[in-house]
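Contents: one structure, followed by commentary.
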Amino acid sequence: LSMAAAGAAGQEKQLAPTLLSFFIYNPKLGPKEGEEEKKILFYHPNEVEKNEKIRNVGLCEAIVQFTRTFSPTKPAKSLHTQKNRQFFHEPEENFWMVMVVRNPIIEKHKDGKPVYEYQEEELLDKVYSSVLQQCYSMYKLFNGTFLRAMEDGGVKVLKERLEKFFHRYLQTLHLQSCDLLDVFCGISFFPLDKMTYLKIQSFINRMEESLNIVKYTAFLYNDQLIWSGLEQDDMRILYKYLTTSLFPRHMEPELAGRDSPIRAEMPGNLQHYGRFLTGPLNLNDPETKCRFPKIFVNTDDTYEELHLIVYKNLTSAFFLPDTASIPPTLEFCRKLDSIVGPQLTVLASDICEQYNINKRISGAEKEPQFKFIYFNHMNLAEKSTIHMRKTPSVSLASVHPDLMKILGDINSDFSRVDEDEEIIVKAMSDYWVVGKKSDQRELYVILNQKNVNLIEVNEEVKKLCATQFNNIFFLD
């Protein structure tokens with residue numbers, strides 16, 4: 001009997017959450033009966049029958065209006081049903097974005113027929129609400145606000161921009177691997193000693209002086225941010241784009257050894273590998289096309305349109321020229337290459353040295369018994385030992401999904417209270433999960449130790465805080 005039961009259990013299949021639909025509408029655009037279709041600005045999947053689109057949008061409007069009667073200032077964020085969950089977001093007045101996610105399913109076989117059980121409690125509202133907000137932030141980075149599109153050319157232009165952007169962007173949403181990091185959307189910083197930091201600072205000052213059309217600069221090493229001149233919120237979303245989309249796209253050729261050729265005999269005899277990830281493909285070819293993505297920053301007050309130049313040596317630097325209408329010329333790129341390239345090569349070796357020192361210090365201990373995620377709300381600094389290297393499509397967590405869900409639940413508890421607090425959870429067999437919140441900082445630790453009690457868990461976490469976080473988490 002037990003073997004038969006095992007066989008039946010072996011047929012269980014877990015189906016991950018998937019995106020069912022995603023749409024953007026504005027109720028003010030089709031107020032009259034018979035004009036409902038005019039409200040819809042974007043709808044995925046597009047092949048859905050027109051009346052169903054109108055019905056789904058109408059339902060969302062009704063839910064939002066209904067919940068407003070109970071809470072006028074905070075409209076509905078999500079709706080839970082057996083099969084799916086809907087998330088609502090109003091990024092600009094009267095513009096609503098809705099994302100419908102199918103709940104995870106366990107597929108069983110009964111009498112040879114598949115039976116589906118929907119996991120209604122698996123999805124974390126906060127995680128998917130954050131994913132939806134990032135959809136807007138990413139759109140705004142490359143297109144500016146919805147309102148701006150309306151001013152540029154009415155509904156037609158807005159629809160075109162939404163179609164062009166979301167058609168591609170929605171393919172990159174990997175909902176099965178979204179977790180706490182999507183809530184934070186933080187930035188991983190590279191720890192540097194004062195001397196190297198000053199060298200970088202002075203390099204940026206010199207560079208901005210000699211290339212006077214450069215308005216902002218950011219500087220990264222190994223996907224970690226060292227310096228940025230942009231506002232925090234703009235840098236946060238640009239950082240996400242660079243590390244999850246632009247860099248991984250350019251990684252493959254490098255790994256395959258098809259890198260751009262080294263140009264010999266630079267001034268001072270320095271050879272350097274500098275190349276543009278956005279901009280001209282080949283500096284020596286006068287016919288080469290220069291493509292610079294436009295980005296929009298400070299959209300709340302000054303509304304700046306900039307061109308994004310991404311220049312990569314061993315380190316990467318971004319330069320955003322302040323000329324919205326005219327893209328930078330090939331001449332400018334050559335000048336940038338000749339000024340910046342050799343200096344970056346020198347800086348890179350300094351940073352590399354620092355990187356190896358950091359690695360030596362942290363690599364001294366063997367596989368630790370704990371993994372952690374740390375986030376600081378003030379500077380958006382994020383650090384995770386739970387996530388393995390991000391691939392272009394997914395950031396892979398190295399712990400069981402159930403544990404990731406507990407982290408998300410603890411985070412939701414933290415966001416409900418203002419004061420500092422600590423939560424300790426006994427999870428599966430040998431796992432403990434600890435969450436600490438202290439003055440804008442949050443730390444989540446997963447310990448895997450046999451036969452330990454609460455006091456010992458607490459001591460372990462204290463040790464971790466003392467070594468990794470200079471005791472900022474001591475509540476006692």
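Residues are named by chain letter and number: chains run A, B, ... in the order of the structure tokens, numbers start at 1 in each chain, and ligands are numbered from 1 in the order shown.
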Show me, as JSON lines, the residues of segment 119-220 of chain A having an atom within 10 Å of segment 312-319 of chain A, each with the closest atom pair and its distance in Å, using only C-alpha atoms.
{"residue": "A:Ile204", "atom": "CA", "partner": "A:Ala317", "partner_atom": "CA", "distance": 9.5}
{"residue": "A:Met207", "atom": "CA", "partner": "A:Phe319", "partner_atom": "CA", "distance": 9.8}
{"residue": "A:Glu208", "atom": "CA", "partner": "A:Phe319", "partner_atom": "CA", "distance": 8.9}
{"residue": "A:Leu211", "atom": "CA", "partner": "A:Phe319", "partner_atom": "CA", "distance": 9.8}
{"residue": "A:Ile213", "atom": "CA", "partner": "A:Phe319", "partner_atom": "CA", "distance": 9.4}
{"residue": "A:Val214", "atom": "CA", "partner": "A:Phe319", "partner_atom": "CA", "distance": 6.1}
{"residue": "A:Lys215", "atom": "CA", "partner": "A:Phe319", "partner_atom": "CA", "distance": 7.3}
{"residue": "A:Tyr216", "atom": "CA", "partner": "A:Phe319", "partner_atom": "CA", "distance": 6.0}
{"residue": "A:Thr217", "atom": "CA", "partner": "A:Phe319", "partner_atom": "CA", "distance": 4.8}
{"residue": "A:Ala218", "atom": "CA", "partner": "A:Phe318", "partner_atom": "CA", "distance": 5.2}
{"residue": "A:Phe219", "atom": "CA", "partner": "A:Ala317", "partner_atom": "CA", "distance": 4.5}
{"residue": "A:Leu220", "atom": "CA", "partner": "A:Ser316", "partner_atom": "CA", "distance": 5.2}
Kindly export the residues of the current selection with C-alpha atoms, as a short mmCIF file (atom, residue, chain, number, x, y, z; two decimals), in the first residue's frame.
data_model
loop_
_atom_site.label_atom_id
_atom_site.label_comp_id
_atom_site.auth_asym_id
_atom_site.auth_seq_id
_atom_site.Cartn_x
_atom_site.Cartn_y
_atom_site.Cartn_z
CA ILE A 204 34.79 61.73 -11.68
CA MET A 207 36.09 63.73 -16.11
CA GLU A 208 32.99 65.91 -15.67
CA LEU A 211 33.69 66.51 -20.80
CA ILE A 213 28.25 68.08 -21.33
CA VAL A 214 28.21 65.24 -18.79
CA LYS A 215 25.57 65.96 -16.17
CA TYR A 216 25.57 62.88 -13.92
CA THR A 217 27.92 59.97 -13.42
CA ALA A 218 27.57 56.60 -11.74
CA PHE A 219 30.35 54.13 -11.16
CA LEU A 220 30.09 50.34 -10.65
#
Segment 453-461 of chain A: which residues within 10 Å, counting only C-alpha atoms, same-chain residues fewer than 2 positions away excluded, as an MDAnalysis selection string? chainID A and resid 369:370 424:426 432:436 444:451 463:467 473:474
Grab the residues selected above and save them as a compact mmCIF listing (two decimals), in the first residue's frame with N, CA, C and O atoms.
# COMPACT_ATOMS: atom_id res chain seq x y z
N GLN A 369 26.88 28.77 9.09
CA GLN A 369 25.64 28.05 9.36
C GLN A 369 24.44 28.95 9.15
O GLN A 369 23.32 28.53 9.37
N PHE A 370 24.69 30.20 8.81
CA PHE A 370 23.53 31.07 8.58
C PHE A 370 23.64 31.80 7.24
O PHE A 370 24.72 31.99 6.70
N ILE A 424 11.39 35.76 16.07
CA ILE A 424 12.12 34.50 15.88
C ILE A 424 11.11 33.40 15.57
O ILE A 424 10.12 33.25 16.29
N VAL A 425 11.36 32.67 14.49
CA VAL A 425 10.42 31.63 14.07
C VAL A 425 11.15 30.29 13.98
O VAL A 425 12.25 30.23 13.41
N LYS A 426 10.55 29.25 14.53
CA LYS A 426 11.11 27.90 14.32
C LYS A 426 10.43 27.36 13.06
O LYS A 426 9.22 27.21 13.01
N TRP A 432 15.86 27.79 11.75
CA TRP A 432 15.30 28.91 12.51
C TRP A 432 15.37 30.15 11.63
O TRP A 432 16.33 30.32 10.87
N VAL A 433 14.38 31.01 11.75
CA VAL A 433 14.39 32.26 10.98
C VAL A 433 14.27 33.42 11.97
O VAL A 433 13.38 33.41 12.82
N VAL A 434 15.18 34.37 11.86
CA VAL A 434 15.18 35.52 12.77
C VAL A 434 15.06 36.80 11.95
O VAL A 434 15.77 36.99 10.97
N GLY A 435 14.14 37.67 12.37
CA GLY A 435 14.03 38.99 11.73
C GLY A 435 14.27 40.06 12.77
O GLY A 435 13.73 40.00 13.87
N LYS A 436 15.12 41.04 12.44
CA LYS A 436 15.36 42.16 13.36
C LYS A 436 15.12 43.46 12.61
O LYS A 436 15.56 43.61 11.46
N TYR A 444 17.43 39.79 8.17
CA TYR A 444 16.74 38.50 8.21
C TYR A 444 17.80 37.41 8.17
O TYR A 444 18.63 37.41 7.26
N VAL A 445 17.76 36.52 9.14
CA VAL A 445 18.78 35.48 9.21
C VAL A 445 18.11 34.10 9.19
O VAL A 445 17.10 33.89 9.87
N ILE A 446 18.67 33.21 8.39
CA ILE A 446 18.19 31.82 8.39
C ILE A 446 19.32 30.95 8.94
O ILE A 446 20.43 30.95 8.41
N LEU A 447 19.03 30.25 10.04
CA LEU A 447 20.05 29.38 10.64
C LEU A 447 19.65 27.93 10.42
O LEU A 447 18.48 27.58 10.51
N ASN A 448 20.66 27.12 10.20
CA ASN A 448 20.39 25.69 10.06
C ASN A 448 21.29 24.96 11.05
O ASN A 448 22.46 24.71 10.78
N GLN A 449 20.73 24.66 12.22
CA GLN A 449 21.53 23.96 13.23
C GLN A 449 20.68 22.92 13.93
O GLN A 449 19.51 23.18 14.25
N LYS A 450 21.28 21.78 14.19
CA LYS A 450 20.54 20.71 14.85
C LYS A 450 20.44 20.98 16.35
O LYS A 450 21.40 21.49 16.95
N ASN A 451 19.31 20.64 16.92
CA ASN A 451 19.11 20.65 18.38
C ASN A 451 19.57 21.93 19.07
O ASN A 451 20.31 21.89 20.04
N LYS A 463 26.29 37.13 17.47
CA LYS A 463 27.65 37.00 16.92
C LYS A 463 27.70 37.54 15.50
O LYS A 463 28.62 38.26 15.12
N LEU A 464 26.70 37.16 14.71
CA LEU A 464 26.64 37.62 13.32
C LEU A 464 26.58 39.14 13.26
O LEU A 464 27.28 39.79 12.49
N CYS A 465 25.73 39.73 14.13
CA CYS A 465 25.59 41.19 14.16
C CYS A 465 26.91 41.86 14.52
O CYS A 465 27.28 42.89 13.97
N ALA A 466 27.62 41.24 15.47
CA ALA A 466 28.88 41.83 15.93
C ALA A 466 29.92 41.81 14.81
O ALA A 466 30.64 42.77 14.60
N THR A 467 29.98 40.68 14.05
CA THR A 467 31.03 40.58 13.04
C THR A 467 30.65 41.32 11.76
O THR A 467 31.45 42.04 11.19
N PHE A 473 22.41 46.13 15.43
CA PHE A 473 21.12 45.48 15.66
C PHE A 473 20.88 45.09 17.10
O PHE A 473 20.00 44.32 17.38
N PHE A 474 21.69 45.58 18.02
CA PHE A 474 21.46 45.18 19.40
C PHE A 474 20.34 45.99 20.00
O PHE A 474 20.44 47.20 20.17
Among segment 18-212 of chain A, which residues does DSSP mark as strand (DSSP E) when it is run on the backbone? Keep the chain and numbering as in the structure and answer as an NGL selection string. :A and (18-25 or 40-44 or 78-80 or 84-92 or 95-102 or 105-110 or 113-118)
Which residue of A:Val98, A:Leu246, A:Leu306, A:Leu41 approaches Val64 of chain A most closely, using only C-alpha atoms: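 The closest residue to Val64 of chain A is A:Val98.
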Atom CA of Pro104 of chain A to atom CA of Leu15 of chain A, distance in Å rounded to a single decimal: 5.5 Å
